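Text of the file entry.cif, holding mmCIF, C-alpha atoms:
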data_target
loop_
_atom_site.group_PDB
_atom_site.id
_atom_site.type_symbol
_atom_site.label_atom_id
_atom_site.label_comp_id
_atom_site.auth_asym_id
_atom_site.auth_seq_id
_atom_site.Cartn_x
_atom_site.Cartn_y
_atom_site.Cartn_z
ATOM 1 C CA MET A 1 24.509 29.253 15.657
ATOM 2 C CA TRP A 2 26.353 26.703 13.506
ATOM 3 C CA HIS A 3 24.203 23.894 14.934
ATOM 4 C CA ARG A 4 20.998 25.671 13.850
ATOM 5 C CA THR A 5 22.395 26.500 10.418
ATOM 6 C CA SER A 6 23.570 22.939 9.948
ATOM 7 C CA ARG A 7 20.168 21.562 10.931
ATOM 8 C CA ALA A 8 18.367 24.029 8.647
ATOM 9 C CA VAL A 9 20.615 23.086 5.734
ATOM 10 C CA LYS A 10 19.980 19.382 6.382
ATOM 11 C CA ARG A 11 16.229 19.947 6.458
ATOM 12 C CA ALA A 12 16.381 21.960 3.229
ATOM 13 C CA VAL A 13 18.399 19.205 1.519
ATOM 14 C CA LEU A 14 15.978 16.542 2.754
ATOM 15 C CA THR A 15 12.946 18.551 1.665
ATOM 16 C CA ALA A 16 14.400 19.229 -1.792
ATOM 17 C CA SER A 17 15.373 15.568 -2.167
ATOM 18 C CA ALA A 18 11.883 14.432 -1.164
ATOM 19 C CA ILE A 19 10.260 16.791 -3.678
ATOM 20 C CA VAL A 20 12.558 15.574 -6.455
ATOM 21 C CA ALA A 21 11.940 11.951 -5.524
ATOM 22 C CA ALA A 22 8.163 12.422 -5.352
ATOM 23 C CA SER A 23 8.041 14.227 -8.677
ATOM 24 C CA SER A 24 10.078 11.519 -10.378
ATOM 25 C CA VAL A 25 7.914 8.599 -9.222
ATOM 26 C CA SER A 26 6.315 6.788 -12.115
ATOM 27 C CA THR A 27 3.631 4.133 -11.985
ATOM 28 C CA VAL A 28 4.434 3.014 -15.512
ATOM 29 C CA ALA A 29 5.750 -0.549 -15.616
ATOM 30 C CA HIS A 30 8.687 -1.198 -17.889
ATOM 31 C CA ALA A 31 9.176 -4.530 -19.654
ATOM 32 C CA ASP A 32 12.372 -5.457 -17.820
ATOM 33 C CA SER A 33 11.106 -4.685 -14.316
ATOM 34 C CA VAL A 34 9.297 -7.225 -12.152
ATOM 35 C CA THR A 35 9.433 -5.131 -8.978
ATOM 36 C CA GLN A 36 6.173 -3.570 -7.823
ATOM 37 C CA PRO A 37 6.259 0.158 -6.937
ATOM 38 C CA GLY A 38 7.139 0.523 -3.266
ATOM 39 C CA PHE A 39 8.667 -2.976 -3.005
ATOM 40 C CA SER A 40 11.022 -2.608 -0.051
ATOM 41 C CA THR A 41 11.667 -4.128 3.362
ATOM 42 C CA GLY A 42 11.247 -0.711 4.947
ATOM 43 C CA ILE A 43 14.594 -1.160 6.700
ATOM 44 C CA PRO A 44 16.709 1.999 6.228
ATOM 45 C CA ASN A 45 20.115 1.786 4.566
ATOM 46 C CA TYR A 46 22.702 1.128 7.217
ATOM 47 C CA ALA A 47 20.190 0.203 9.869
ATOM 48 C CA LYS A 48 22.356 -1.244 12.616
ATOM 49 C CA LEU A 49 20.834 -4.707 12.776
ATOM 50 C CA PRO A 50 22.281 -7.213 15.209
ATOM 51 C CA GLU A 51 23.610 -10.459 13.768
ATOM 52 C CA GLY A 52 20.886 -12.928 12.911
ATOM 53 C CA LEU A 53 17.973 -13.798 10.669
ATOM 54 C CA PHE A 54 15.029 -11.388 10.471
ATOM 55 C CA HIS A 55 11.583 -11.848 8.942
ATOM 56 C CA VAL A 56 9.485 -8.961 7.545
ATOM 57 C CA VAL A 57 6.159 -9.583 5.774
ATOM 58 C CA ILE A 58 5.083 -7.046 3.147
ATOM 59 C CA PRO A 59 1.422 -7.294 2.026
ATOM 60 C CA ASN A 60 0.491 -5.500 -1.189
ATOM 61 C CA ILE A 61 -3.131 -5.504 -2.334
ATOM 62 C CA SER A 62 -4.242 -3.628 -5.415
ATOM 63 C CA GLU A 63 -7.429 -3.394 -7.422
ATOM 64 C CA ARG A 64 -7.932 -2.209 -10.961
ATOM 65 C CA SER A 65 -11.130 -0.600 -12.110
ATOM 66 C CA THR A 66 -11.682 -2.687 -15.181
ATOM 67 C CA ASN A 67 -14.813 -4.383 -16.384
ATOM 68 C CA PRO A 68 -14.928 -6.718 -14.464
ATOM 69 C CA ASP A 69 -12.679 -5.515 -11.608
ATOM 70 C CA THR A 70 -9.347 -7.274 -11.076
ATOM 71 C CA VAL A 71 -7.834 -7.809 -7.598
ATOM 72 C CA VAL A 72 -4.154 -8.698 -7.164
ATOM 73 C CA LYS A 73 -2.666 -9.629 -3.775
ATOM 74 C CA PHE A 74 1.064 -10.064 -3.103
ATOM 75 C CA PHE A 75 2.299 -11.469 0.193
ATOM 76 C CA THR A 76 6.066 -11.146 0.439
ATOM 77 C CA PRO A 77 7.932 -12.651 3.385
ATOM 78 C CA PHE A 78 11.386 -11.036 3.381
ATOM 79 C CA PHE A 79 14.144 -13.012 5.066
ATOM 80 C CA VAL A 80 17.054 -10.734 5.970
ATOM 81 C CA TYR A 81 20.288 -12.322 7.193
ATOM 82 C CA GLN A 82 22.785 -10.016 8.893
ATOM 83 C CA PRO A 83 26.116 -11.778 9.438
ATOM 84 C CA ASP A 84 29.109 -10.272 11.216
ATOM 85 C CA LEU A 85 30.706 -9.420 7.862
ATOM 86 C CA GLU A 86 32.291 -6.227 6.535
ATOM 87 C CA ILE A 87 34.062 -5.732 3.216
ATOM 88 C CA ALA A 88 35.690 -2.363 2.381
ATOM 89 C CA LYS A 89 34.061 -0.883 5.508
ATOM 90 C CA ALA A 90 30.622 -1.935 4.229
ATOM 91 C CA ARG A 91 28.199 -4.083 6.206
ATOM 92 C CA ILE A 92 27.072 -7.015 4.057
ATOM 93 C CA THR A 93 23.468 -8.238 4.260
ATOM 94 C CA PHE A 94 21.707 -11.070 2.394
ATOM 95 C CA LEU A 95 18.011 -11.040 1.445
ATOM 96 C CA ALA A 96 15.537 -13.551 0.032
ATOM 97 C CA ALA A 97 11.816 -13.088 -0.615
ATOM 98 C CA PRO A 98 9.551 -15.787 -2.034
ATOM 99 C CA VAL A 99 6.312 -14.147 -3.176
ATOM 100 C CA TYR A 100 2.820 -15.624 -2.878
ATOM 101 C CA LEU A 101 0.419 -14.159 -5.433
ATOM 102 C CA ASP A 102 -3.377 -14.266 -5.622
ATOM 103 C CA VAL A 103 -5.155 -12.954 -8.747
ATOM 104 C CA ARG A 104 -8.930 -12.727 -8.923
ATOM 105 C CA VAL A 105 -11.482 -11.284 -11.338
ATOM 106 C CA ARG A 106 -14.544 -10.155 -9.375
ATOM 107 C CA ASN A 107 -17.163 -11.876 -11.529
ATOM 108 C CA GLY A 108 -15.574 -15.263 -10.761
ATOM 109 C CA ALA A 109 -14.396 -15.871 -14.324
ATOM 110 C CA PHE A 110 -10.783 -16.187 -13.182
ATOM 111 C CA HIS A 111 -8.980 -17.002 -9.950
ATOM 112 C CA ARG A 112 -5.447 -18.237 -9.617
ATOM 113 C CA SER A 113 -2.983 -18.302 -6.730
ATOM 114 C CA GLY A 114 0.509 -19.625 -6.255
ATOM 115 C CA ILE A 115 4.162 -18.803 -5.990
ATOM 116 C CA PHE A 116 5.503 -15.902 -8.056
ATOM 117 C CA ASN A 117 9.203 -15.420 -8.772
ATOM 118 C CA THR A 118 11.545 -15.327 -5.751
ATOM 119 C CA TYR A 119 13.745 -12.306 -5.048
ATOM 120 C CA VAL A 120 17.347 -12.714 -3.811
ATOM 121 C CA GLY A 121 19.958 -10.030 -3.171
ATOM 122 C CA THR A 122 23.173 -9.021 -1.457
ATOM 123 C CA GLN A 123 23.503 -5.547 -0.009
ATOM 124 C CA ALA A 124 26.516 -3.453 1.025
ATOM 125 C CA THR A 125 25.847 -0.430 3.257
ATOM 126 C CA TRP A 126 28.101 2.299 4.591
ATOM 127 C CA ASP A 127 27.726 4.572 7.607
ATOM 128 C CA LEU A 128 28.610 8.027 6.219
ATOM 129 C CA GLY A 129 28.479 9.756 9.609
ATOM 130 C CA ASN A 130 26.159 12.472 10.946
ATOM 131 C CA ASN A 131 23.152 10.096 10.690
ATOM 132 C CA TRP A 132 23.646 9.486 6.942
ATOM 133 C CA GLY A 133 23.967 6.052 5.349
ATOM 134 C CA ALA A 134 24.260 4.775 1.792
ATOM 135 C CA GLY A 135 23.825 1.374 0.268
ATOM 136 C CA PHE A 136 24.021 -0.657 -2.914
ATOM 137 C CA ARG A 137 22.153 -3.913 -3.512
ATOM 138 C CA LEU A 138 22.632 -6.322 -6.362
ATOM 139 C CA GLY A 139 19.606 -8.550 -6.541
ATOM 140 C CA GLY A 140 16.994 -9.883 -8.835
ATOM 141 C CA TRP A 141 14.147 -12.243 -9.451
ATOM 142 C CA ILE A 142 14.768 -15.928 -10.195
ATOM 143 C CA GLY A 143 12.872 -17.302 -13.201
ATOM 144 C CA GLN A 144 10.462 -20.028 -12.114
ATOM 145 C CA LYS A 145 7.869 -22.340 -13.574
ATOM 146 C CA GLY A 146 4.268 -22.005 -12.526
ATOM 147 C CA SER A 147 0.959 -20.553 -13.641
ATOM 148 C CA LEU A 148 1.730 -17.125 -12.143
ATOM 149 C CA ALA A 149 5.529 -17.010 -12.237
ATOM 150 C CA LEU A 150 7.570 -15.618 -15.099
ATOM 151 C CA PRO A 151 9.865 -18.125 -16.837
ATOM 152 C CA TYR A 152 12.706 -15.580 -16.948
ATOM 153 C CA GLY A 153 14.511 -13.667 -14.234
ATOM 154 C CA THR A 154 15.756 -10.142 -13.770
ATOM 155 C CA ILE A 155 18.880 -8.473 -12.476
ATOM 156 C CA GLU A 156 18.084 -5.365 -10.462
ATOM 157 C CA PRO A 157 20.809 -3.107 -9.092
ATOM 158 C CA ARG A 158 19.530 -0.732 -6.410
ATOM 159 C CA ALA A 159 21.216 2.246 -4.733
ATOM 160 C CA GLY A 160 19.946 4.254 -1.812
ATOM 161 C CA VAL A 161 20.686 6.936 0.727
ATOM 162 C CA THR A 162 19.209 7.335 4.227
ATOM 163 C CA TYR A 163 19.093 10.036 6.862
ATOM 164 C CA PHE A 164 18.024 8.494 10.163
ATOM 165 C CA THR A 165 17.596 9.871 13.689
ATOM 166 C CA PRO A 166 15.224 8.797 16.460
ATOM 167 C CA LYS A 167 12.835 11.594 15.344
ATOM 168 C CA GLU A 168 13.446 11.844 11.562
ATOM 169 C CA HIS A 169 13.824 9.339 8.752
ATOM 170 C CA PHE A 170 14.298 9.881 5.034
ATOM 171 C CA SER A 171 15.235 7.217 2.477
ATOM 172 C CA LEU A 172 15.601 7.411 -1.272
ATOM 173 C CA ASN A 173 16.029 4.221 -3.314
ATOM 174 C CA VAL A 174 16.602 3.985 -7.040
ATOM 175 C CA LEU A 175 16.499 0.721 -8.979
ATOM 176 C CA ARG A 176 16.484 -0.510 -12.554
ATOM 177 C CA GLY A 177 15.459 -3.958 -13.760
ATOM 178 C CA TYR A 178 17.166 -5.847 -16.569
ATOM 179 C CA GLY A 179 15.518 -8.942 -17.991
ATOM 180 C CA ALA A 180 17.621 -12.099 -18.019
ATOM 181 C CA GLY A 181 17.020 -15.559 -19.423
ATOM 182 C CA ALA A 182 15.027 -17.338 -22.082
ATOM 183 C CA GLY A 183 11.612 -15.852 -22.880
ATOM 184 C CA CYS A 184 12.567 -12.448 -21.554
ATOM 185 C CA CYS A 185 11.547 -9.132 -22.976
#
For this file, write the structure as structure tokens.
Amino acid sequence: MWHRTSRAVKRAVLTASAIVAASSVSTVAHADSVTQPGFSTGIPNYAKLPEGLFHVVIPNISERSTNPDTVVKFFTPFFVYQPDLEIAKARITFLAAPVYLDVRVRNGAFHRSGIFNTYVGTQATWDLGNNWGAGFRLGGWIGQKGSLALPYGTIEPRAGVTYFTPKEHFSLNVLRGYGAGAGCC
């Protein structure tokens, strides 16, 4: 009986958390944030990665109904390095993501492509037991020169929680961007 009650309580908590998370999603961009909505590696907090370097490519294509239409394409190769390193019982992971950006106006009046700002971060994750994990990442975007890059950077702390089994997966990530450097905000 306890096993069923425990599972039902977990499902109720996950469902309530998902509803709260979905209702709090905003597509409004804030001046200090460079991160696109949904920008993530898709790797759950405290995923038990073996030591090594991993590569995950995240394509993001969006179109705005303007006159004329605008098409923006992001191609983000994430490089995730998982060393054999623990600090305060937390697994430490390093991430880097240079972003290639392509911006086009449909009538041909404008087309530009090139490197956008590069993301770097360090993440600490904890196994909380019973399929739960939590993590904190301190990362940000490096200010770069270029026709599509921003000359300033950002600092973006991110926290998350994950419930992960072979049949179920739930992750909630929260982040906030703070502009940093000359020309910011």
Check: Quick one: distance from atom CA of Gly139 of chain A to atom CA of Ser62 of chain A in Å, one decimal?
Finding: 24.4 Å
Check: Distance atom CA of Asp102 of chain A-atom CA of Asn173 of chain A, one decimal place?
Finding: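 Interatomic distance here is 26.9 Å.
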Next item on the list: On this file, the PyMOL selection byres ((chain A and resi 121) around 12) gives some set of residues; write that set as a list in words.
Entry: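 When the PyMOL selection byres ((chain A and resi 121) around 12) is applied to the shown file, the picked residues are Phe78, Phe79, Val80, Tyr81, Ile92, Thr93, Phe94, Leu95, Ala96, Ala97, Pro98, Thr118, Tyr119, Val120, Thr122, Gln123, Ala124, Phe136, Arg137, Leu138, Gly139, Gly140, Trp141, Ile142, Thr154, Ile155, Glu156, Pro157 and Arg158 of chain A.
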Item checked: One-decimal distance in Å that lies between atom CA of Val99 of chain A and atom CA of Ala47 of chain A -> 23.8 Å
Next item on the list: Please provide as a ChimeraX atom specification all residues within 9 Å of Val71 of chain A, with the sequence filter that same-chain residues fewer than 6 positions apart are discarded (counting all atoms listed in the file).
Entry: /A:61-64,102-106
Notebook entry, point to check: Which residues come within 8 Å of Gly153 of chain A, counting all atoms listed in the file, excluding same-chain residues fewer than 3 positions away, as a list of chain:residue names?
Noted result: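 These residues fall inside the cut-off: A:Asn117, A:Gly140, A:Trp141, A:Ile142, A:Gly143, A:Gln144, A:Leu150, A:Gly179, A:Ala180, A:Gly181, A:Cys184.
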Note to self: I'd like to know which of A:Lys89, A:Lys73, A:His55, A:Lys167 is closest to Ala134 of chain A, using all atoms listed in the file.
What the structure shows: A:Lys89
With 8 Å on each side, where is the centre of the axis-aligned box around all listed atoms of segment 126-134 of chain A, and how long are its edges in Å to one decimal, as lines of an AutoDock Vina configuration file?
center_x = 25.9
center_y = 7.4
center_z = 6.4
size_x = 21.5
size_y = 26.2
size_z = 25.2
Margin query: Let me make sure I understand: among A:Pro83, A:Pro77, A:Pro151, A:Gly133, which one has the smallest atom-to-atom distance to Gly52 of chain A if we use all atoms listed in the file?
Written below: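 Of the candidates, the smallest distance to Gly52 of chain A is held by A:Pro83.
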Next item on the list: Apply the PyMOL selection byres ((chain A and resi 59) around 6) to the file shown and report the selected residues as a list of chain:residue names.
Entry: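 Evaluating the PyMOL selection byres ((chain A and resi 59) around 6) on this file yields A:Ile58, A:Asn60, A:Phe74, A:Phe75.
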Next item on the list: Please provide the set of residues having any atom within 12 Å of Leu128 of chain A, restricted to all atoms listed in the file, with same-chain residues fewer than 3 positions apart removed, written as a ChimeraX atom specification.
Entry: /A:45-46,89-90,125,131-135,161-164
Export of the given selection (C-alpha atoms) as a PDB file, in the frame of the given file:
ATOM      1  CA  ASN A  45      20.115   1.786   4.566  1.00  0.00           C
ATOM      2  CA  TYR A  46      22.702   1.128   7.217  1.00  0.00           C
ATOM      3  CA  LYS A  89      34.061  -0.883   5.508  1.00  0.00           C
ATOM      4  CA  ALA A  90      30.622  -1.935   4.229  1.00  0.00           C
ATOM      5  CA  THR A 125      25.847  -0.430   3.257  1.00  0.00           C
ATOM      6  CA  ASN A 131      23.152  10.096  10.690  1.00  0.00           C
ATOM      7  CA  TRP A 132      23.646   9.486   6.942  1.00  0.00           C
ATOM      8  CA  GLY A 133      23.967   6.052   5.349  1.00  0.00           C
ATOM      9  CA  ALA A 134      24.260   4.775   1.792  1.00  0.00           C
ATOM     10  CA  GLY A 135      23.825   1.374   0.268  1.00  0.00           C
ATOM     11  CA  VAL A 161      20.686   6.936   0.727  1.00  0.00           C
ATOM     12  CA  THR A 162      19.209   7.335   4.227  1.00  0.00           C
ATOM     13  CA  TYR A 163      19.093  10.036   6.862  1.00  0.00           C
ATOM     14  CA  PHE A 164      18.024   8.494  10.163  1.00  0.00           C
TER      15      PHE A 164
END
Margin query: List the spatial neighbours of Leu148 of chain A as JSON, numbers by chain - criterion: any atom at most 7 Å away, only C-alpha atoms, same-chain residues fewer than 3 positions off excluded.
Written below: {"A": [114, 115, 116]}
Notebook entry, point to check: Nearest to Gly183 of chain A among A:Phe170, A:Ala88, A:Ser65, A:Lys145, with distances taken over all atoms listed in the file: which residue is it?
Noted result: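 Among the listed residues, the smallest separation from Gly183 of chain A belongs to A:Lys145.
With distances restricted to all atoms listed in the file, A:Pro50 is the closest residue to Leu85 of chain A from A:Pro68, A:Gly160, A:Gly108, A:Pro50.
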